[in-house]
file input-v4.txt (compact mmCIF, C-alpha atoms and all ligand atoms)
# COMPACT_ATOMS: atom_id res chain seq x y z
CA MET A 1 -8.74 -16.84 10.70
CA SER A 2 -5.70 -15.72 12.72
CA VAL A 3 -5.65 -12.37 14.51
CA ARG A 4 -3.04 -11.14 12.02
CA GLU A 5 -5.32 -12.06 9.12
CA ALA A 6 -8.26 -10.36 10.84
CA VAL A 7 -6.23 -7.15 11.13
CA THR A 8 -5.05 -7.10 7.50
CA LYS A 9 -8.59 -7.93 6.34
CA GLN A 10 -9.87 -5.04 8.43
CA VAL A 11 -7.47 -2.66 6.62
CA ASP A 12 -8.90 -3.99 3.32
CA LYS A 13 -12.44 -3.30 4.57
CA ASP A 14 -11.43 0.26 5.53
CA LYS A 15 -9.88 0.96 2.12
CA ASP A 16 -12.42 3.58 0.97
CA SER A 17 -12.33 5.55 4.19
CA LEU A 18 -8.51 5.39 4.27
CA ILE A 19 -8.46 6.89 0.77
CA GLU A 20 -10.92 9.60 1.83
CA PHE A 21 -8.75 10.38 4.85
CA VAL A 22 -5.63 10.81 2.67
CA ARG A 23 -7.61 13.13 0.40
CA LYS A 24 -8.79 15.13 3.41
CA LEU A 25 -5.15 15.64 4.45
CA VAL A 26 -3.99 16.47 0.89
CA ARG A 27 -6.76 19.08 0.58
CA ILE A 28 -5.25 21.05 3.47
CA PRO A 29 -2.16 22.74 1.98
CA THR A 30 0.72 22.56 4.48
CA GLN A 31 3.54 23.93 2.36
CA ASP A 32 6.71 25.13 3.96
CA PRO A 33 7.58 27.89 3.37
CA PRO A 34 5.59 29.43 4.89
CA GLY A 35 4.49 26.55 7.18
CA GLU A 36 0.75 26.97 6.68
CA ASN A 37 -2.37 25.36 8.15
CA TYR A 38 -0.57 23.25 10.74
CA PRO A 39 -3.32 23.85 13.37
CA LYS A 40 -5.97 22.87 10.81
CA ILE A 41 -4.37 19.57 9.77
CA CYS A 42 -3.55 18.78 13.41
CA SER A 43 -7.19 19.20 14.42
CA VAL A 44 -8.27 16.79 11.64
CA LEU A 45 -5.72 14.21 12.82
CA ALA A 46 -6.61 14.80 16.48
CA GLU A 47 -10.31 14.27 15.86
CA GLU A 48 -9.67 10.98 14.04
CA LEU A 49 -7.31 9.75 16.77
CA LYS A 50 -9.75 10.64 19.57
CA GLY A 51 -12.28 8.50 17.74
CA LEU A 52 -9.88 5.58 18.20
CA GLY A 53 -9.97 6.00 21.97
CA MET A 54 -6.51 7.56 22.19
CA ASP A 55 -5.40 10.29 24.59
CA VAL A 56 -4.73 13.13 22.22
CA GLU A 57 -2.79 16.29 22.91
CA ILE A 58 -2.00 19.24 20.65
CA VAL A 59 1.53 20.33 21.53
CA VAL A 60 2.82 23.65 20.33
CA ALA A 61 6.53 24.24 19.79
CA PRO A 62 6.90 27.87 20.97
CA GLU A 63 8.21 30.41 18.47
CA LYS A 64 10.70 31.73 21.05
CA VAL A 65 12.40 28.33 21.48
CA LEU A 66 12.44 27.65 17.74
CA LYS A 67 13.84 31.13 16.99
CA GLU A 68 16.72 30.50 19.44
CA LYS A 69 17.49 27.06 18.06
CA ARG A 70 17.19 28.14 14.43
CA ALA A 71 19.25 31.34 14.77
CA GLY A 72 22.04 31.42 12.21
CA ASN A 73 20.73 28.38 10.33
CA ILE A 74 20.90 29.09 6.60
CA VAL A 75 17.73 27.15 5.74
CA TRP A 76 15.68 29.14 8.25
CA GLU A 77 17.26 32.50 7.46
CA ALA A 78 16.95 32.13 3.68
CA MET A 79 13.15 31.91 3.77
CA PRO A 80 11.01 33.90 6.19
CA TRP A 81 8.94 32.15 8.82
CA SER A 82 7.15 33.09 12.03
CA GLY A 83 4.83 31.74 14.64
CA GLU A 84 4.53 28.71 16.86
CA ARG A 85 4.41 25.22 15.32
CA THR A 86 1.51 22.88 16.03
CA ASN A 87 1.89 19.10 16.46
CA VAL A 88 -0.25 16.16 17.57
CA ILE A 89 0.63 13.49 20.12
CA ALA A 90 -1.69 10.52 20.63
CA LYS A 91 -1.22 7.80 23.23
CA LEU A 92 -2.73 4.38 23.60
CA ARG A 93 -2.19 2.48 26.83
CA GLY A 94 -1.32 -1.18 26.60
CA MET A 95 -2.40 -3.94 28.96
CA GLU A 96 1.02 -4.56 30.52
CA ARG A 97 2.75 -1.26 29.84
CA ARG A 98 6.28 -2.69 29.77
CA LYS A 99 7.26 -1.45 26.33
CA THR A 100 6.49 1.66 24.31
CA LEU A 101 6.54 1.84 20.53
CA LEU A 102 6.51 5.22 18.82
CA PHE A 103 5.31 6.13 15.36
CA ASN A 104 5.99 9.46 13.67
CA GLY A 105 4.92 11.28 10.55
CA HIS A 106 5.55 14.83 9.34
CA ILE A 107 2.56 16.95 8.32
CA ASP A 108 4.40 19.60 6.26
CA THR A 109 5.20 19.41 2.56
CA VAL A 110 7.53 21.21 0.19
CA PRO A 111 5.88 23.94 -1.96
CA VAL A 112 3.92 22.87 -5.04
CA GLY A 113 6.45 24.11 -7.62
CA ALA A 114 5.93 24.09 -11.37
CA GLY A 115 4.92 21.50 -13.96
CA TRP A 116 1.77 19.94 -12.44
CA THR A 117 -0.84 18.48 -14.78
CA LYS A 118 -3.14 17.56 -11.83
CA ASP A 119 -4.59 19.75 -9.09
CA PRO A 120 -2.03 19.48 -6.26
CA PHE A 121 -4.70 19.91 -3.56
CA LYS A 122 -7.55 17.76 -4.86
CA GLY A 123 -6.50 14.17 -4.24
CA GLU A 124 -7.55 12.99 -7.70
CA ILE A 125 -7.38 9.21 -8.23
CA ILE A 126 -6.28 7.91 -11.62
CA HIS A 127 -5.38 4.27 -12.32
CA GLY A 128 -4.94 3.38 -8.64
CA LYS A 129 -2.79 6.40 -7.83
CA LEU A 130 -3.80 9.29 -5.60
CA TYR A 131 -2.28 12.61 -6.73
CA GLY A 132 -1.43 15.65 -4.67
CA ARG A 133 1.38 17.53 -2.96
CA GLY A 134 2.31 15.49 0.09
CA SER A 135 0.45 12.35 -1.04
CA SER A 136 3.71 10.40 -1.20
CA ASP A 137 5.77 12.54 1.20
CA MET A 138 4.05 11.87 3.51
CA LYS A 139 0.36 12.44 4.14
CA GLY A 140 -0.40 8.99 2.72
CA SER A 141 1.84 7.42 5.36
CA CYS A 142 0.37 9.63 8.13
CA ALA A 143 -3.07 8.32 7.19
CA ALA A 144 -1.71 4.75 7.04
CA ILE A 145 -0.39 5.09 10.62
CA VAL A 146 -3.82 6.28 11.81
CA TYR A 147 -5.61 3.50 9.92
CA ALA A 148 -3.26 0.83 11.30
CA PHE A 149 -4.57 1.66 14.76
CA ARG A 150 -8.13 1.92 13.52
CA ALA A 151 -7.86 -1.62 12.13
CA LEU A 152 -6.36 -2.94 15.38
CA ARG A 153 -9.24 -1.40 17.34
CA GLU A 154 -11.91 -2.67 14.96
CA ALA A 155 -10.40 -6.16 14.96
CA GLY A 156 -10.54 -6.11 18.77
CA VAL A 157 -6.75 -6.40 19.25
CA LYS A 158 -5.55 -5.30 22.68
CA LEU A 159 -1.84 -4.50 22.60
CA LYS A 160 0.26 -5.39 25.63
CA GLY A 161 2.57 -2.38 25.34
CA ASP A 162 2.01 1.35 24.96
CA VAL A 163 1.91 3.28 21.73
CA THR A 164 2.69 6.95 21.11
CA LEU A 165 1.93 8.50 17.74
CA THR A 166 3.39 11.89 16.85
CA PHE A 167 2.58 14.04 13.83
CA THR A 168 5.05 16.87 13.59
CA SER A 169 5.89 19.90 11.50
CA ASP A 170 8.77 21.51 9.59
CA GLU A 171 10.63 18.32 8.66
CA GLU A 172 11.07 19.33 5.05
CA ARG A 173 13.09 22.46 5.69
CA GLY A 174 15.20 20.70 8.28
CA GLY A 175 17.38 21.95 11.09
CA TYR A 176 15.61 22.23 14.43
CA THR A 177 12.17 20.81 13.64
CA SER A 178 9.14 20.24 15.85
CA LEU A 179 10.21 16.61 16.30
CA CYS A 180 13.56 17.83 17.69
CA TYR A 181 11.62 20.08 20.08
CA LEU A 182 9.39 17.18 21.23
CA VAL A 183 12.50 15.05 21.94
CA ASP A 184 14.17 17.86 23.92
CA ALA A 185 10.97 18.74 25.81
CA GLY A 186 10.59 15.11 26.94
CA TYR A 187 7.50 14.19 24.91
CA ILE A 188 9.23 11.44 22.93
CA LYS A 189 9.89 8.51 25.24
CA GLY A 190 9.93 4.89 24.25
CA ASP A 191 11.93 1.84 23.22
CA PHE A 192 11.80 2.11 19.44
CA MET A 193 10.31 4.35 16.79
CA VAL A 194 8.91 3.68 13.34
CA GLY A 195 8.84 6.69 11.02
CA GLY A 196 6.51 6.85 8.04
CA ASP A 197 8.83 8.87 5.81
CA GLY A 198 10.67 7.31 2.89
CA ASN A 199 9.22 4.63 0.68
CA ILE A 200 7.91 1.11 0.67
CA GLU A 201 10.87 -0.47 -1.11
CA ASN A 202 13.08 -1.00 1.95
CA VAL A 203 13.08 -0.66 5.70
CA TYR A 204 15.46 2.24 6.31
CA THR A 205 17.88 1.83 9.20
CA ALA A 206 20.30 4.59 8.24
CA SER A 207 20.24 7.97 6.61
CA ASN A 208 22.76 10.53 5.47
CA GLY A 209 23.23 13.84 7.24
CA ARG A 210 23.00 17.16 5.45
CA ILE A 211 25.16 20.27 5.66
CA ILE A 212 24.63 23.50 3.76
CA PHE A 213 27.49 25.82 2.87
CA LYS A 214 26.95 29.37 1.67
CA VAL A 215 30.03 30.78 -0.01
CA THR A 216 30.06 34.46 -0.92
CA THR A 217 32.71 36.25 -2.92
CA HIS A 218 32.78 39.98 -2.37
CA GLY A 219 33.96 42.52 -4.95
CA LYS A 220 33.14 46.08 -5.93
CA ALA A 221 30.23 47.19 -8.12
CA VAL A 222 30.97 49.67 -10.94
CA HIS A 223 29.52 50.58 -14.36
CA SER A 224 30.32 47.70 -16.70
CA SER A 225 31.74 50.13 -19.29
CA VAL A 226 34.63 50.72 -16.86
CA ALA A 227 34.62 47.20 -15.41
CA PHE A 228 38.41 47.39 -14.88
CA ARG A 229 37.77 49.86 -12.03
CA GLY A 230 35.63 47.37 -10.11
CA ILE A 231 36.08 43.89 -8.66
CA ASN A 232 33.89 41.28 -10.30
CA ALA A 233 32.53 38.86 -7.68
CA ILE A 234 31.75 36.28 -10.39
CA GLU A 235 35.42 36.13 -11.32
CA GLY A 236 36.22 35.62 -7.65
CA MET A 237 33.93 32.59 -7.59
CA VAL A 238 35.85 30.80 -10.38
CA PRO A 239 38.80 29.57 -8.24
CA VAL A 240 36.31 28.72 -5.45
CA LEU A 241 34.40 26.44 -7.81
CA GLU A 242 37.61 24.87 -9.12
CA GLU A 243 38.75 23.91 -5.61
CA LEU A 244 35.28 22.72 -4.57
CA PHE A 245 35.00 20.46 -7.63
CA LYS A 246 38.44 18.97 -6.77
CA LEU A 247 37.18 18.31 -3.21
CA LYS A 248 33.94 16.86 -4.61
CA ARG A 249 35.94 14.16 -6.43
CA VAL A 250 37.84 13.28 -3.23
CA ILE A 251 34.66 13.11 -1.11
CA GLU A 252 32.62 11.13 -3.61
CA ALA A 253 35.34 8.49 -4.03
CA ARG A 254 34.45 7.43 -0.46
CA GLU A 255 31.72 4.90 0.18
CA SER A 256 30.13 3.49 3.33
CA ASP A 257 29.35 -0.20 3.84
CA ILE A 258 25.61 0.50 4.30
CA PRO A 259 23.60 -0.92 1.37
CA VAL A 260 21.15 1.28 -0.52
CA ASN A 261 18.36 0.29 -2.86
CA PRO A 262 20.16 -0.64 -6.12
CA ARG A 263 17.48 1.28 -8.07
CA GLN A 264 19.14 4.45 -6.75
CA GLY A 265 22.05 3.71 -9.09
CA ILE A 266 24.64 3.18 -6.33
CA LYS A 267 25.44 0.22 -4.08
CA HIS A 268 26.20 1.87 -0.75
CA LEU A 269 25.43 5.11 1.05
CA THR A 270 27.73 7.65 -0.55
CA PRO A 271 28.84 11.10 0.58
CA LEU A 272 28.16 13.95 -1.83
CA LEU A 273 29.24 17.55 -2.32
CA THR A 274 26.90 19.34 -4.72
CA PRO A 275 26.84 23.02 -5.65
CA THR A 276 23.09 23.67 -5.97
CA MET A 277 22.54 27.42 -6.34
CA ILE A 278 24.55 30.35 -7.66
CA ASP A 279 23.49 33.97 -7.70
CA ALA A 280 25.14 37.22 -8.71
CA GLY A 281 24.42 40.52 -10.38
CA VAL A 282 21.62 43.06 -10.54
CA VAL A 283 21.49 44.28 -14.16
CA PRO A 284 23.60 43.36 -17.21
CA ASN A 285 25.51 46.65 -17.26
CA MET A 286 26.76 46.54 -13.68
CA VAL A 287 29.78 44.64 -12.33
CA PRO A 288 28.44 42.47 -9.51
CA SER A 289 29.71 43.17 -6.02
CA ASP A 290 28.62 39.79 -4.59
CA CYS A 291 28.32 36.24 -5.83
CA THR A 292 26.68 33.61 -3.65
CA LEU A 293 27.06 29.86 -4.01
CA MET A 294 25.06 27.28 -2.08
CA VAL A 295 26.58 23.85 -1.64
CA ASP A 296 24.76 20.79 -0.31
CA ARG A 297 26.88 18.15 1.44
CA ARG A 298 25.49 14.70 2.28
CA VAL A 299 27.39 13.01 5.09
CA VAL A 300 27.34 9.22 5.57
CA PRO A 301 26.92 7.88 9.14
CA SER A 302 30.62 7.00 9.48
CA GLU A 303 31.60 10.61 8.76
CA ASP A 304 31.74 13.26 11.46
CA PRO A 305 29.77 16.32 10.26
CA ARG A 306 32.22 18.61 12.11
CA LYS A 307 35.12 17.12 10.15
CA ALA A 308 33.12 17.54 6.94
CA VAL A 309 32.77 21.25 7.79
CA LYS A 310 36.53 21.55 8.49
CA GLU A 311 37.26 19.88 5.16
CA VAL A 312 35.39 22.59 3.23
CA GLU A 313 36.91 25.32 5.41
CA SER A 314 40.46 24.16 4.65
CA CYS A 315 39.60 23.71 0.98
CA LEU A 316 38.48 27.34 0.78
CA ALA A 317 41.50 28.51 2.77
CA LYS A 318 43.63 27.29 -0.17
CA VAL A 319 41.70 29.40 -2.69
CA LYS A 320 43.56 32.39 -4.08
CA ILE A 321 41.05 34.98 -5.21
CA PRO A 322 42.75 37.54 -7.51
CA LYS A 323 40.92 40.51 -5.93
CA GLY A 324 38.18 40.87 -3.34
CA LYS A 325 37.49 38.31 -0.62
CA CYS A 326 35.49 35.20 0.16
CA THR A 327 33.36 34.33 3.21
CA LEU A 328 31.78 31.05 4.30
CA GLU A 329 28.68 30.32 6.36
CA THR A 330 27.80 26.78 7.43
CA SER A 331 24.71 25.04 8.81
CA VAL A 332 24.40 21.41 9.79
CA VAL A 333 20.78 20.75 8.78
CA TYR A 334 20.56 17.10 9.85
CA ASP A 335 23.03 14.70 11.43
CA PRO A 336 23.40 11.26 9.84
CA PHE A 337 22.28 8.20 11.78
CA GLU A 338 22.54 4.46 11.70
CA VAL A 339 20.60 1.87 13.69
CA ASP A 340 21.80 -1.72 14.13
CA SER A 341 20.08 -3.75 11.43
CA LYS A 342 19.79 -6.58 14.00
CA SER A 343 17.83 -4.46 16.48
CA PRO A 344 14.34 -5.84 17.18
CA ILE A 345 12.52 -3.05 15.35
CA ALA A 346 14.61 -3.53 12.18
CA VAL A 347 14.20 -7.31 12.26
CA ILE A 348 10.42 -7.17 12.91
CA SER A 349 9.86 -4.47 10.29
CA THR A 350 11.76 -6.25 7.51
CA LYS A 351 10.01 -9.54 8.37
CA VAL A 352 6.54 -7.93 8.30
CA MET A 353 7.23 -6.09 5.04
CA SER A 354 8.58 -9.25 3.39
CA GLU A 355 5.48 -11.15 4.53
CA LEU A 356 3.06 -8.50 3.21
CA THR A 357 4.77 -7.88 -0.11
CA LYS A 358 5.74 -11.54 -0.59
CA SER A 359 9.22 -10.39 -1.53
CA GLY A 360 12.51 -10.08 0.26
CA VAL A 361 12.26 -6.55 1.64
CA THR A 362 15.65 -5.75 3.13
CA TYR A 363 17.00 -3.05 5.38
CA ALA A 364 18.91 -0.25 3.68
CA GLY A 365 20.29 3.24 4.12
CA ILE A 366 18.82 6.22 2.30
CA GLN A 367 20.73 9.09 0.69
CA GLY A 368 18.17 11.59 2.01
CA SER A 369 18.16 13.16 5.45
CA THR A 370 15.49 13.38 8.14
CA ASP A 371 14.78 14.64 11.65
CA ILE A 372 14.47 11.02 12.80
CA GLY A 373 18.24 11.33 13.26
CA TRP A 374 17.50 13.60 16.25
CA VAL A 375 15.35 10.86 17.83
CA VAL A 376 18.16 8.32 17.32
CA ASN A 377 21.18 10.51 18.20
CA LYS A 378 19.76 12.85 20.86
CA GLY A 379 16.74 10.89 22.07
CA LYS A 380 18.71 7.59 22.06
CA ILE A 381 15.71 5.77 20.60
CA PRO A 382 16.63 3.34 17.78
CA SER A 383 14.34 4.09 14.84
CA VAL A 384 13.60 2.74 11.40
CA PHE A 385 11.47 4.33 8.74
CA PHE A 386 9.53 3.40 5.63
CA GLY A 387 6.29 4.65 4.14
CA ALA A 388 3.73 4.37 1.39
CA GLY A 389 5.82 6.29 -1.15
CA ARG A 390 7.94 4.95 -3.98
CA ILE A 391 11.08 6.18 -5.71
CA GLU A 392 8.94 7.01 -8.79
CA GLY A 393 6.21 8.70 -6.69
CA MET A 394 7.59 12.18 -7.54
CA ALA A 395 8.06 13.30 -3.94
CA HIS A 396 9.11 16.99 -4.11
CA GLY A 397 8.28 16.93 -7.87
CA ALA A 398 5.30 17.66 -10.14
CA ASP A 399 2.34 15.24 -10.11
CA GLU A 400 3.39 13.66 -6.81
CA HIS A 401 1.31 10.55 -6.14
CA VAL A 402 0.93 7.51 -3.96
CA LYS A 403 -0.33 4.11 -5.04
CA ILE A 404 -3.50 3.02 -3.22
CA ALA A 405 -2.07 -0.51 -2.97
CA ASP A 406 1.00 0.87 -1.17
CA LEU A 407 -1.18 2.82 1.28
CA MET A 408 -2.86 -0.46 2.18
CA THR A 409 0.47 -2.27 2.59
CA ALA A 410 1.87 0.49 4.79
CA ALA A 411 -1.23 0.51 7.05
CA LYS A 412 -1.07 -3.29 7.41
CA ALA A 413 2.66 -3.16 8.10
CA TYR A 414 2.38 -0.56 10.88
CA ALA A 415 -0.40 -2.59 12.53
CA LEU A 416 1.50 -5.89 12.36
CA ILE A 417 4.74 -4.31 13.60
CA ALA A 418 2.87 -2.93 16.64
CA MET A 419 1.36 -6.39 17.29
CA ASP A 420 4.67 -8.24 16.84
CA TYR A 421 6.77 -5.89 18.93
CA LEU A 422 4.32 -5.05 21.73
CA GLY A 423 2.47 -8.37 21.86
CA HIS A 424 -1.28 -8.76 22.14
ZN ZN A 501 9.17 13.37 4.04

call {"tool": "encode", "arguments": {"input": "input-v4.txt", "output": "structure tokens", "more": "lines below"}}
Ligand SMILES: [Zn+2]
result
Amino acid sequence: MSVREAVTKQVDKDKDSLIEFVRKLVRIPTQDPPGENYPKICSVLAEELKGLGMDVEIVVAPEKVLKEKRAGNIVWEAMPWSGERTNVIAKLRGMERRKTLLFNGHIDTVPVGAGWTKDPFKGEIIHGKLYGRGSSDMKGSCAAIVYAFRALREAGVKLKGDVTLTFTSDEERGGYTSLCYLVDAGYIKGDFMVGGDGNIENVYTASNGRIIFKVTTHGKAVHSSVAFRGINAIEGMVPVLEELFKLKRVIEARESDIPVNPRQGIKHLTPLLTPTMIDAGVVPNMVPSDCTLMVDRRVVPSEDPRKAVKEVESCLAKVKIPKGKCTLETSVVYDPFEVDSKSPIAVISTKVMSELTKSGVTYAGIQGSTDIGWVVNKGKIPSVFFGAGRIEGMAHGADEHVKIADLMTAAKAYALIAMDYLGH
């Protein structure tokens, strides 16, 4: 039996305890907002990683630094938050120490939301699927990263290069996350990174950026029986929406040359401009003084986010509001990124995934956005990402789940990628 076979067999042997570990993580709610139980989940991860002989450190992103970096960001100002943010860093020294490979997972989840038929914090298993908030995005993948290194240790594999694992918080809300802090504070150093976010259907080498626009039309509140004396902010929003929908058609006619999974319904990464929230009024018999519109813009890697901001600014400058005025606030939540699909980490990852799934797993871009962009753009570390989730795994939806078979594949893949890149 080859060493590679011994490692994948070891993951198979560890199946039950891997499942239990995912359930343990799912049973600790880490919803953001508010950003709860980070210290608790970090101590569970830290304990497991210490057991694998790793040097483990709990690193706290200080509230003061985060407050400064997040000031004025719409996603952080819209929902209250406070306190430091806890993260785990685990290091394993290699025999030759010439290369360092990083792995990252985020420990936070979106809130539970409505429509669940299963307990979101139980980790119930039905027909080979483990249910729970965060099971697919991405506690399953966090556990798979840990179990990849458990299998390597149990199979007696000594890696030549170094490994750094990071488990970080606040990815879901975006903006300046704990991973951004770890990059800036010098904790993230290495040659390449593999992220566990995303799904098992491709190896992701590119991702869109995300910008949020908050447009507010301002009017004057009066009794609705004498509405003609006031200025209706909803009416002011009508020409804004008309211009934005014209711009949407222009933006969405563009296309990048980065392939996406055809199951997404498009062929290439595509920029989007999507109004997502609208809010006005207090009671039915009062003319509203303010109307607020949130717009989500996805930026492909070939677009400059600053130009995308200017584009919306000049679009709104054209708007003629009959009465009242209009203001715009903007936050770049995540920058887009693209890594060369011929870089060693992309080539090794697609090869390993094709081998394990016995299908042609290809590299692709993803319409979503992630803080891995900070590692690539600011940290200058080429990164790819893929995880145990699937498109149909209901990430961010009701009855989120992960397939047990995909957890096993992800754990095997992370282990083999570490072996192939670092040597053993
Ligand atoms: Zn995620």

call {"tool": "residues_around", "arguments": {"input": "input-v4.txt", "residues": "Asn232 in chain A", "least_positions_apart": "6", "cutoff": "6 Å", "atoms": "all atoms listed in the file", "output": "ChimeraX atom specification"}}
result
/A:219,287-288

call {"tool": "residues_near_ligand", "arguments": {"input": "input-v4.txt", "ligand": "ligand ZN 501 (chain A)", "cutoff": "9 Å", "atoms": "only C-alpha atoms and all ligand atoms", "output": "VMD selection string"}}
result
chain A and resid 105 to 110 134 136 to 139 171 to 172 196 to 198 370 395 to 396

call {"tool": "closest_residue", "arguments": {"input": "input-v4.txt", "among": "A:Pro239, A:Gly128, A:Thr350, A:Gly373", "to": "Cys315 in chain A", "atoms": "only C-alpha atoms"}}
result
A:Pro239

call {"tool": "residues_around", "arguments": {"input": "input-v4.txt", "residues": "Ser2 in chain A", "least_positions_apart": "6", "cutoff": "12 Å", "atoms": "only C-alpha atoms", "output": "list in words"}}
result
Thr8, Lys9, Ala155 and Val157 of chain A

call {"tool": "closest_atom_pairs", "arguments": {"input": "input-v4.txt", "of": "range 91-127 of chain A", "to": "range 321-345 of chain A", "cutoff": "12 Å", "atoms": "all atoms listed in the file", "output": "CSV"}}
result
residue,atom,partner,partner_atom,distance
A:Thr100,CA,A:Ile345,CA,11.8
A:Leu101,CA,A:Ile345,CA,9.3
A:Leu102,CA,A:Ile345,CA,10.8
A:Phe103,CA,A:Ile345,CA,11.7
